[in-house]
Amino acid sequence: MDLRELAEDIRARFLEQGVTVPTSDIEQRLNSLVYDFKVPIEEARRSVVSYFAKLHPKEGVASETEVIYAKIADINTEDIWINLRVRVVQLWEPNSPSIAQVGLLGDETGTIKFTSWSNANLPILRDGQSYSIRNVVTKSWQGRFSVSLNKASEIAPLDEEVAVGRAEEEISGAIIDVQSGSGLVKRCPECNRVVVKGHCAEHGEVSGVYDLRVKGVLDNGEIVSDVLFNREMTERLTGITLEAAKEMAMEALDQNVAADAMKAVVIGRYYRVRGNKTPRWLLITDFEELPKMDEDEIDAVLKRAQGRL
């Protein structure tokens, strides 16, 4: 069946429900999905039916929009179009204006990185919210899979929360650096991105909400790992609460004093940490401090740090 015939078939099915949709509109949308975005014909059909069913809701049409959802753990091939039911686990700061959002999605089988492109003009995903996301493309880089959200993608919030199964990783080592962007930060109340000078990359000028984090570098003598502590973990790690950090910043008229204080507490100390692995960060869920190193061990760690950072 060619796309013209498929468009006429879809039109006929809508007519059975008392809904008139021009064949030319259906065919145009099919052509865009199949030829511009390389969506498989069957998935394009489901997407088109879903699109016009939302424009012309009628009882019975929904039976044409049954969707098959993939599981994250089953993603093992790139350039495949799939649908996902996921929860937003983590949002990061995009490193390019062409990227609207980047972060981590999860379902009960695991987590995966996602990229949403600015030119797709898709709805903003919120941290912790669950979604049905259709027509995304799988990608692969250095053995790690991710998904790309584009103009053909469809996003719908879910009422129920998707459970996230996470493969935890445990490593031990000394914290040899606290990176820029640590300490007291402000986040956009809409999308949870870190606000820079009162400006959110997505929502412009906003009144940010204070938060704490430590972006650390852990060295075990063989490899260096980027580790990220959220507010709860940061307060435990440093002994500095959010309120204390805000007071320090107000007294010094400098938001960076909190990061300096945290750095003084943790640099050179040895920890065993556990967390959820992303392509860059280990998102810390628990940790314990290990016995202090002697001066020679500390010197050796710091010398290695100077050579690597």
# chains A, B, ... in the order shown; residues from 1 in each chain; ligands from 1

call {"tool": "residues_around", "arguments": {"residues": "Gly216 of chain A", "least_positions_apart": "4", "cutoff": "12 Å", "atoms": "only C-alpha atoms", "output": "ChimeraX atom specification"}}
result
/A:173-183,224-230,234,237,259,262-263,266-269,271,273,280-284,309

call {"tool": "select_by_dssp", "arguments": {"residues": "segment 65-262 of chain A", "states": "alpha helix (DSSP H)", "output": "VMD selection string"}}
result
chain A and resid 231 to 238 242 to 252 257 to 262

call {"tool": "select_by_dssp", "arguments": {"residues": "segment 32-163 of chain A", "states": "strand (DSSP E or B)", "output": "VMD selection string"}}
result
chain A and resid 81 to 92 99 to 107 110 to 117 130 to 141 144 to 149 154 to 157

call {"tool": "closest_residue", "arguments": {"among": "A:Ala261, A:Asp286, A:Ser98, A:Arg187", "to": "Arg236 of chain A", "atoms": "only C-alpha atoms"}}
result
A:Asp286

call {"tool": "residues_around", "arguments": {"residues": "segment 153-169 of chain A", "least_positions_apart": "5", "cutoff": "9 Å", "atoms": "only C-alpha atoms", "output": "PyMOL selection string"}}
result
chain A and resi 47+85-87+89+105-111+120+122-123+125+128-137+148+273-277+282+285

call {"tool": "write_last_selection", "arguments": {"atoms": "N, CA and C atoms", "output": "compact mmCIF listing (two decimals), in the first residue's frame"}}
result
# COMPACT_ATOMS: atom_id res chain seq x y z
N SER A 47 0.67 7.38 14.33
CA SER A 47 0.87 8.77 14.71
C SER A 47 -0.16 9.69 14.05
N ARG A 85 7.25 4.94 27.76
CA ARG A 85 6.53 5.45 28.93
C ARG A 85 7.59 5.60 30.02
N VAL A 86 7.89 6.83 30.40
CA VAL A 86 9.07 7.08 31.23
C VAL A 86 8.80 8.19 32.24
N ARG A 87 9.70 8.29 33.21
CA ARG A 87 9.72 9.42 34.15
C ARG A 87 11.03 10.16 33.98
N VAL A 89 14.16 11.57 35.23
CA VAL A 89 14.97 11.30 36.40
C VAL A 89 15.90 12.46 36.73
N LEU A 105 15.99 9.81 31.31
CA LEU A 105 14.66 9.23 31.43
C LEU A 105 14.77 7.84 32.03
N GLY A 106 13.71 7.40 32.72
CA GLY A 106 13.76 6.07 33.31
C GLY A 106 12.43 5.36 33.27
N ASP A 107 12.49 4.03 33.17
CA ASP A 107 11.31 3.19 33.40
C ASP A 107 11.72 2.08 34.35
N GLU A 108 10.87 1.06 34.49
CA GLU A 108 11.16 0.04 35.49
C GLU A 108 12.37 -0.81 35.15
N THR A 109 12.86 -0.70 33.90
CA THR A 109 14.00 -1.54 33.48
C THR A 109 15.33 -0.80 33.51
N GLY A 110 15.31 0.53 33.70
CA GLY A 110 16.58 1.24 33.71
C GLY A 110 16.43 2.69 33.30
N THR A 111 17.55 3.32 32.96
CA THR A 111 17.56 4.73 32.58
C THR A 111 18.31 4.92 31.27
N ALA A 120 12.58 21.46 17.31
CA ALA A 120 11.39 20.60 17.35
C ALA A 120 10.21 21.29 18.04
N LEU A 122 9.13 21.24 21.11
CA LEU A 122 8.35 20.30 21.91
C LEU A 122 8.04 20.86 23.29
N PRO A 123 7.01 20.34 23.96
CA PRO A 123 6.74 20.77 25.34
C PRO A 123 7.94 20.49 26.25
N LEU A 125 9.85 19.13 29.33
CA LEU A 125 9.71 18.03 30.28
C LEU A 125 10.09 18.53 31.67
N GLY A 128 10.92 14.75 37.40
CA GLY A 128 10.04 13.95 38.24
C GLY A 128 8.69 13.61 37.62
N GLN A 129 8.33 14.23 36.50
CA GLN A 129 7.04 13.97 35.85
C GLN A 129 7.14 12.75 34.94
N SER A 130 6.05 11.99 34.83
CA SER A 130 5.99 10.83 33.95
C SER A 130 5.29 11.20 32.65
N TYR A 131 5.76 10.60 31.54
CA TYR A 131 5.24 10.95 30.21
C TYR A 131 5.13 9.72 29.32
N SER A 132 4.21 9.84 28.36
CA SER A 132 4.23 9.00 27.17
C SER A 132 4.93 9.81 26.10
N ILE A 133 6.03 9.25 25.56
CA ILE A 133 6.79 9.95 24.52
C ILE A 133 6.85 9.04 23.30
N ARG A 134 6.25 9.50 22.21
CA ARG A 134 6.16 8.69 20.99
C ARG A 134 7.06 9.24 19.90
N ASN A 135 7.48 8.32 19.03
CA ASN A 135 8.29 8.67 17.86
C ASN A 135 9.62 9.32 18.24
N VAL A 136 10.39 8.62 19.05
CA VAL A 136 11.76 9.04 19.34
C VAL A 136 12.72 8.09 18.62
N VAL A 137 13.93 8.56 18.39
CA VAL A 137 14.91 7.78 17.64
C VAL A 137 16.05 7.36 18.57
N SER A 148 16.60 10.44 20.91
CA SER A 148 16.51 11.80 20.39
C SER A 148 15.06 12.17 20.15
N VAL A 273 31.15 5.65 47.63
CA VAL A 273 29.89 6.24 47.18
C VAL A 273 29.12 5.24 46.34
N ARG A 274 27.78 5.37 46.38
CA ARG A 274 26.90 4.57 45.54
C ARG A 274 25.95 5.51 44.82
N GLY A 275 25.61 5.14 43.59
CA GLY A 275 24.71 6.01 42.85
C GLY A 275 24.30 5.43 41.52
N ASN A 276 23.52 6.21 40.80
CA ASN A 276 23.00 5.81 39.50
C ASN A 276 23.87 6.39 38.41
N LYS A 277 24.34 5.54 37.51
CA LYS A 277 25.29 5.95 36.48
C LYS A 277 24.58 6.56 35.30
N LEU A 282 27.94 10.12 38.12
CA LEU A 282 27.40 9.14 39.05
C LEU A 282 26.54 9.94 40.02
N THR A 285 23.43 8.38 45.65
CA THR A 285 22.26 8.07 46.47
C THR A 285 22.65 7.75 47.91

call {"tool": "residues_around", "arguments": {"residues": "Ile41 of chain A", "least_positions_apart": "5", "cutoff": "12 Å", "atoms": "only C-alpha atoms", "output": "list of chain:residue names"}}
result
A:Met1, A:Asp2, A:Leu3, A:Leu6, A:Ala7, A:Glu27, A:Arg29, A:Leu30, A:Asn31, A:Ser32, A:Leu33, A:Val34, A:Tyr35, A:Arg46, A:Ser47, A:Val48, A:Trp81, A:Asn135

call {"tool": "closest_residue", "arguments": {"among": "A:Thr20, A:Ile124, A:Gln101, A:Val147", "to": "Ala70 of chain A", "atoms": "only C-alpha atoms"}}
result
A:Val147
